[in-house]
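Peer 1: The structure that follows is given in the form of structure tokens.
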Amino acid sequence: MLYLKTLIIVVQLLSAFGVIGLVLLQHGKGADMGAAFGSGASGSLFGATGSANFLSRTTAVLAAVFFISTLALTYLGSYKPAASAGLLGGAAVTAPAAHPAVAGSVPAAASAPVASSGPGSDVPK
């Protein structure tokens with residue numbers, strides 16, 4: 001379970017950094033931040049509007065990966081396994097019954113009733 005959480009955290013971090021980088025590379029309406037990083041040179045590779053379309057689709061895919069990994073981490077973080085019943089499967093454990101021949105040989109001092117069970121009865125006198 002620990003390896004799964006670690007893998008999902010790594011995927012989440014990589015997708016977060018990818019979204020940040022791709023958002024900075026895209027052309028804005030006012031300030032062309034993408035031109036500062038050289039995305040204007042990629043116009044020849046993707047065409048005139050191909051780079052904007054490619055960057056926006058890649059950003060959407062990475063955002064979806066980030067969203068899914070966040071939901072998976074939330075689910076795994078809130079998952080509490082049910083308490084195991086152990087090898088007995090929930091069966092009640094009872095003390096073995098005393099053999100009739102052994103029951104009669106108990107000393108009288110051991111079978112004497114306890115005097116009181118009130119407060120202070122456990123303090124030695």
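Each chain of the structure tokens is named A, B, ... in the order shown, its residues numbered from 1; ligands are numbered from 1 in display order.
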Give me, as a compact mmCIF listing (two decimals) with N, CA and C atoms, in the first residue's frame, all polymer residues having an atom no more than 12 Å from Ile68 of chain A, counting only C-alpha atoms and skipping those fewer than 4 positions away in the same chain.
Peer 2:
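Result file out.txt:
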```txt
# COMPACT_ATOMS: atom_id res chain seq x y z
N ILE A 8 1.56 7.23 -6.65
CA ILE A 8 0.53 8.22 -6.96
C ILE A 8 1.01 9.63 -6.63
N ILE A 9 1.78 9.77 -5.55
CA ILE A 9 2.32 11.09 -5.20
C ILE A 9 3.31 11.56 -6.26
N VAL A 11 3.32 10.68 -9.46
CA VAL A 11 2.52 11.03 -10.64
C VAL A 11 1.84 12.38 -10.44
N GLN A 12 1.35 12.64 -9.24
CA GLN A 12 0.69 13.92 -8.97
C GLN A 12 1.68 15.08 -9.08
N SER A 15 2.64 15.65 -12.80
CA SER A 15 1.55 16.27 -13.55
C SER A 15 1.36 17.73 -13.12
N ALA A 16 1.56 18.03 -11.84
CA ALA A 16 1.43 19.42 -11.39
C ALA A 16 2.51 20.30 -12.02
N VAL A 61 -4.97 17.11 -20.56
CA VAL A 61 -4.67 15.71 -20.17
C VAL A 61 -3.93 15.68 -18.84
N LEU A 62 -2.93 16.55 -18.68
CA LEU A 62 -2.18 16.58 -17.43
C LEU A 62 -3.05 17.05 -16.26
N ALA A 63 -3.97 17.97 -16.54
CA ALA A 63 -4.89 18.40 -15.48
C ALA A 63 -5.81 17.26 -15.07
N ALA A 64 -6.24 16.46 -16.02
CA ALA A 64 -7.09 15.30 -15.69
C ALA A 64 -6.29 14.27 -14.88
N ALA A 72 -7.49 9.77 -5.99
CA ALA A 72 -6.97 8.48 -5.54
C ALA A 72 -6.25 8.62 -4.19
N LEU A 73 -5.48 9.69 -4.04
CA LEU A 73 -4.79 9.92 -2.76
C LEU A 73 -5.79 10.20 -1.64
N THR A 74 -6.86 10.90 -1.96
CA THR A 74 -7.89 11.17 -0.95
C THR A 74 -8.56 9.87 -0.52
N TYR A 75 -8.85 9.01 -1.49
CA TYR A 75 -9.48 7.73 -1.16
C TYR A 75 -8.54 6.85 -0.33
```
Peer 1: Between A:Pro124, A:Gly77, A:Pro119, A:Gly28, which has the minimum distance to Thr6 of chain A (counting only C-alpha atoms)?
Peer 2: A:Gly77
Peer 1: Per residue of segment 4-34 of chain A within 9 Å of segment 51-55 of chain A, note the shortest atom pair and the distance in Å to one decimal, counting only C-alpha atoms, and order the rows by chain and increasing residue number, as JSON lines.
Peer 2:
```
{"residue": "A:Leu22", "atom": "CA", "partner": "A:Leu55", "partner_atom": "CA", "distance": 6.5}
{"residue": "A:Val23", "atom": "CA", "partner": "A:Leu55", "partner_atom": "CA", "distance": 8.2}
{"residue": "A:Leu25", "atom": "CA", "partner": "A:Leu55", "partner_atom": "CA", "distance": 7.9}
{"residue": "A:Gln26", "atom": "CA", "partner": "A:Ala52", "partner_atom": "CA", "distance": 6.7}
{"residue": "A:His27", "atom": "CA", "partner": "A:Ala52", "partner_atom": "CA", "distance": 7.4}
```
